[in-house]
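Next comes query37.cif, with mmCIF, C-alpha atoms.
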data_my_file
#
loop_
_atom_site.label_atom_id
_atom_site.label_comp_id
_atom_site.auth_asym_id
_atom_site.auth_seq_id
_atom_site.Cartn_x
_atom_site.Cartn_y
_atom_site.Cartn_z
CA PRO A 1 0.00 0.00 0.00
CA LEU A 2 2.84 2.40 0.73
CA ILE A 3 4.06 2.24 -2.88
CA ILE A 4 0.86 1.43 -4.78
CA MET A 5 -1.34 4.21 -3.32
CA PRO A 6 0.79 7.16 -4.50
CA LEU A 7 1.15 5.54 -7.92
CA ALA A 8 -2.62 5.04 -8.13
CA MET A 9 -3.28 8.61 -7.00
CA VAL A 10 -1.23 10.06 -9.86
CA GLY A 11 -2.68 7.54 -12.31
CA GLY A 12 -5.41 9.91 -13.48
CA LEU A 13 -8.34 7.82 -12.28
CA PHE A 14 -9.10 9.96 -9.23
CA ALA A 15 -8.05 13.42 -10.44
CA ASN A 16 -6.69 15.20 -13.48
CA THR A 17 -2.93 14.83 -13.31
CA GLU A 18 -2.34 18.29 -14.79
CA ARG A 19 -3.46 19.75 -11.44
CA LEU A 20 -0.81 17.93 -9.41
CA ASP A 21 1.63 19.84 -7.26
CA PRO A 22 5.07 20.06 -8.90
CA TYR A 23 6.72 17.79 -6.34
CA TRP A 24 4.37 14.89 -7.32
CA VAL A 25 4.96 15.13 -11.08
CA TRP A 26 7.89 12.69 -11.10
CA LEU A 27 5.52 9.92 -9.95
CA ASN A 28 3.73 10.19 -13.32
CA TYR A 29 6.71 8.63 -15.04
CA ILE A 30 6.96 5.54 -12.82
CA SER A 31 3.22 4.99 -12.30
CA PHE A 32 2.18 1.79 -14.07
CA PRO A 33 -1.52 2.43 -13.22
CA ARG A 34 -1.22 5.71 -15.12
CA TYR A 35 0.18 4.08 -18.26
CA THR A 36 -2.52 1.41 -18.14
CA PHE A 37 -5.35 3.89 -17.54
CA MET A 38 -4.13 6.18 -20.31
CA ALA A 39 -3.94 3.32 -22.80
CA LEU A 40 -7.44 2.15 -21.94
CA ILE A 41 -9.01 5.63 -22.13
CA VAL A 42 -7.33 6.53 -25.42
CA ASN A 43 -8.14 3.15 -26.96
CA GLN A 44 -11.80 3.24 -25.93
CA PHE A 45 -12.70 6.89 -26.51
CA ARG A 46 -10.48 8.10 -29.38
CA SER A 47 -12.82 6.77 -32.06
CA VAL A 48 -16.14 7.61 -30.36
CA ASP A 49 -17.88 10.44 -32.21
CA THR A 50 -20.92 10.84 -29.96
CA LEU A 51 -21.15 9.75 -26.35
CA CYS A 52 -24.71 10.98 -26.03
CA PRO A 53 -26.82 13.22 -28.23
CA GLN A 54 -27.78 16.72 -27.23
CA ASP A 55 -31.41 17.14 -26.17
CA PRO A 56 -33.01 19.27 -28.92
CA VAL A 57 -35.74 20.69 -26.64
CA ASN A 58 -33.70 21.82 -23.64
CA GLY A 59 -30.32 22.02 -25.32
CA THR A 60 -28.86 19.87 -22.58
CA GLY A 61 -27.06 16.61 -22.81
CA CYS A 62 -23.95 14.98 -21.54
CA VAL A 63 -21.05 16.88 -20.08
CA TYR A 64 -18.75 15.20 -22.59
CA ARG A 65 -20.29 14.86 -26.04
CA THR A 66 -17.42 13.19 -27.86
CA GLY A 67 -14.65 10.82 -26.94
CA GLU A 68 -12.00 13.40 -27.87
CA GLU A 69 -13.59 15.89 -25.47
CA TYR A 70 -13.45 13.35 -22.64
CA ILE A 71 -9.80 12.56 -23.43
CA ARG A 72 -9.00 16.29 -23.43
CA ILE A 73 -10.68 16.82 -20.04
CA LEU A 74 -8.54 14.02 -18.57
CA GLY A 75 -5.40 15.59 -20.07
CA PHE A 76 -4.51 12.70 -22.39
CA GLN A 77 -5.04 14.50 -25.72
CA ASP A 78 -1.44 14.12 -26.94
CA TRP A 79 -1.20 10.45 -26.04
CA GLU A 80 -1.36 7.30 -28.14
CA TRP A 81 -2.06 3.85 -26.70
CA TRP A 82 1.26 2.46 -27.92
CA TYR A 83 3.16 5.06 -25.86
CA SER A 84 1.74 3.27 -22.83
CA VAL A 85 2.83 -0.13 -24.14
CA PHE A 86 6.42 1.10 -24.50
CA GLY A 87 6.22 2.78 -21.09
CA LEU A 88 5.02 -0.41 -19.39
CA VAL A 89 7.65 -2.56 -21.13
CA GLY A 90 10.29 -0.03 -20.10
CA LEU A 91 9.12 -0.13 -16.48
CA ILE A 92 9.21 -3.94 -16.50
CA LEU A 93 12.78 -3.92 -17.83
CA ILE A 94 13.88 -1.33 -15.28
CA PHE A 95 12.34 -3.27 -12.38
CA LEU A 96 13.86 -6.55 -13.63
CA PHE A 97 17.26 -4.89 -13.83
CA LEU A 98 16.91 -3.49 -10.30
CA ALA A 99 15.84 -6.91 -8.99
CA ALA A 100 18.79 -8.62 -10.67
CA LEU A 101 21.16 -5.96 -9.35
CA GLY A 102 19.80 -6.38 -5.83
CA LEU A 103 20.10 -10.16 -5.95
CA THR A 104 23.64 -9.88 -7.31
CA ILE A 105 24.66 -7.54 -4.51
CA LEU A 106 23.09 -9.80 -1.89
CA GLY A 107 24.78 -12.85 -3.35
CA LEU A 108 28.30 -11.44 -3.61
CA GLY A 109 29.29 -12.45 -0.09
CA ARG A 110 27.74 -15.92 -0.35
CA ARG A 111 29.08 -17.19 -3.65
CA GLY A 112 32.04 -19.01 -2.13
CA ALA A 113 29.82 -20.97 0.25
CA LEU A 114 27.74 -22.54 -2.50
CA ASN A 115 28.77 -26.08 -3.29
CA PHE A 116 26.32 -28.31 -5.14
CA ASP A 117 27.24 -31.93 -5.76
CA PHE A 118 24.34 -33.14 -7.90
CA GLU A 119 25.96 -36.39 -9.00
CA SER A 120 25.96 -37.81 -5.46
CA VAL A 121 22.40 -36.69 -4.83
CA VAL A 122 21.21 -38.28 -8.07
CA GLU A 123 22.98 -41.54 -7.23
CA GLY A 124 20.98 -41.74 -3.99
CA GLN A 125 23.77 -41.19 -1.47
CA SER A 126 22.80 -39.76 1.87
CA VAL A 127 22.95 -36.00 2.29
CA ASP A 128 24.28 -34.25 5.38
CA GLU A 129 21.46 -32.28 7.03
CA GLY A 130 23.76 -29.87 8.84
CA ASP A 131 25.65 -28.61 5.84
CA VAL A 132 27.28 -25.22 5.69
CA GLY A 133 25.74 -22.45 3.61
CA GLY A 134 22.40 -24.19 3.06
CA THR A 135 23.73 -26.48 0.33
CA ALA A 136 23.16 -30.18 -0.14
CA VAL A 137 26.53 -31.95 0.26
CA PRO A 138 26.72 -35.73 0.62
CA LYS A 139 28.08 -37.00 3.95
CA GLU A 140 30.87 -38.91 2.25
CA SER A 141 32.11 -35.76 0.49
CA THR A 142 31.97 -33.77 3.72
CA GLU A 143 33.91 -36.38 5.65
CA GLU A 144 36.51 -36.66 2.88
CA ALA A 145 36.88 -32.89 2.74
CA ASN A 146 37.31 -32.71 6.54
CA GLU A 147 40.02 -35.39 6.40
CA GLU A 148 41.80 -33.57 3.57
CA MET A 149 41.71 -30.28 5.47
CA ALA A 150 43.04 -31.97 8.62
CA ALA A 151 45.89 -33.51 6.59
CA LYS A 152 46.77 -30.12 5.07
CA GLU A 153 46.86 -28.45 8.49
CA GLU A 154 49.36 -31.04 9.79
#
Would you write the structure of this file as structure tokens?
Amino acid sequence: PLIIMPLAMVGGLFANTERLDPYWVWLNYISFPRYTFMALIVNQFRSVDTLCPQDPVNGTGCVYRTGEEYIRILGFQDWEWWYSVFGLVGLILIFLFLAALGLTILGLGRRGALNFDFESVVEGQSVDEGDVGGTAVPKESTEEANEEMAAKEE
């Protein structure tokens, strides 16, 4: 909620985003609800000529008579639906890059502790439950490695 609510508030669904305070404008560029809402509105209303007819007797009718008028009121008049597609794909790529970067940074200190011996596991040998670093190492390999280390220390 802490991240989604500000992004939804600048999405254009609740208020016209042209009336935002200047310090909120940067959220427009990272708001995936905004890109989605803009694509839907432009796609649905760009080709609508008449939303509702004007009443010939009273001269009244809808507030928005055409789809273009509704798009203009929302502030999306210079937008095409495919801009939103590129914006959403760009956001996905940026977030994937940030996730990969974060996982890489977290894994830098742990890389040396990873030791997977899949051949022994596949052959059905027993696996040591108390292995170091959360890896599956067969008991035989662990015992052999301990003996080798003890021999090296002597």
- [ ] Record the distance separating atom CA of Tyr23 of chain A and atom CA of Arg72 of chain A, expressed in Å with one decimal.
- [x]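 Separation between atom CA of Tyr23 of chain A and atom CA of Arg72 of chain A: 23.3 Å.
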_Residue IDs satisfying the PyMOL selection byres ((chain A and resi 38) around 8), as a PyMOL selection string_ = chain A and resi 12+34-37+39-42+76+79+81+84
Just so the selection is clear, what residues does the PyMOL selection byres ((chain A and resi 29-31) around 12) cover here, as a PyMOL selection string? chain A and resi 3-13+17+24-28+32-38+83-84+87-92+94-95
| task | Tell me, in Å to one decimal, how far atom CA of Gly107 of chain A is from atom CA of Lys152 of chain A. | result |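 The value is 29.2 Å.
Reported to one decimal place, the separation of atom CA of Thr50 of chain A from atom CA of Gln77 of chain A is 16.8 Å.
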What's around Arg65 of chain A at 10 Å? Count all atoms listed in the file, leave out sequence neighbours fewer than 6 positions away in its own chain, and write the answer as a ChimeraX atom specification. /A:48-54
Give the padded box for segment 70-83 of chain A as lines of an AutoDock Vina configuration file: axis-aligned, covering all atoms listed in the file, 5 Å on each side, centre and edge lengths in Å to one decimal.
center_x = -5.1
center_y = 9.6
center_z = -23.4
size_x = 26.6
size_y = 24.4
size_z = 19.6
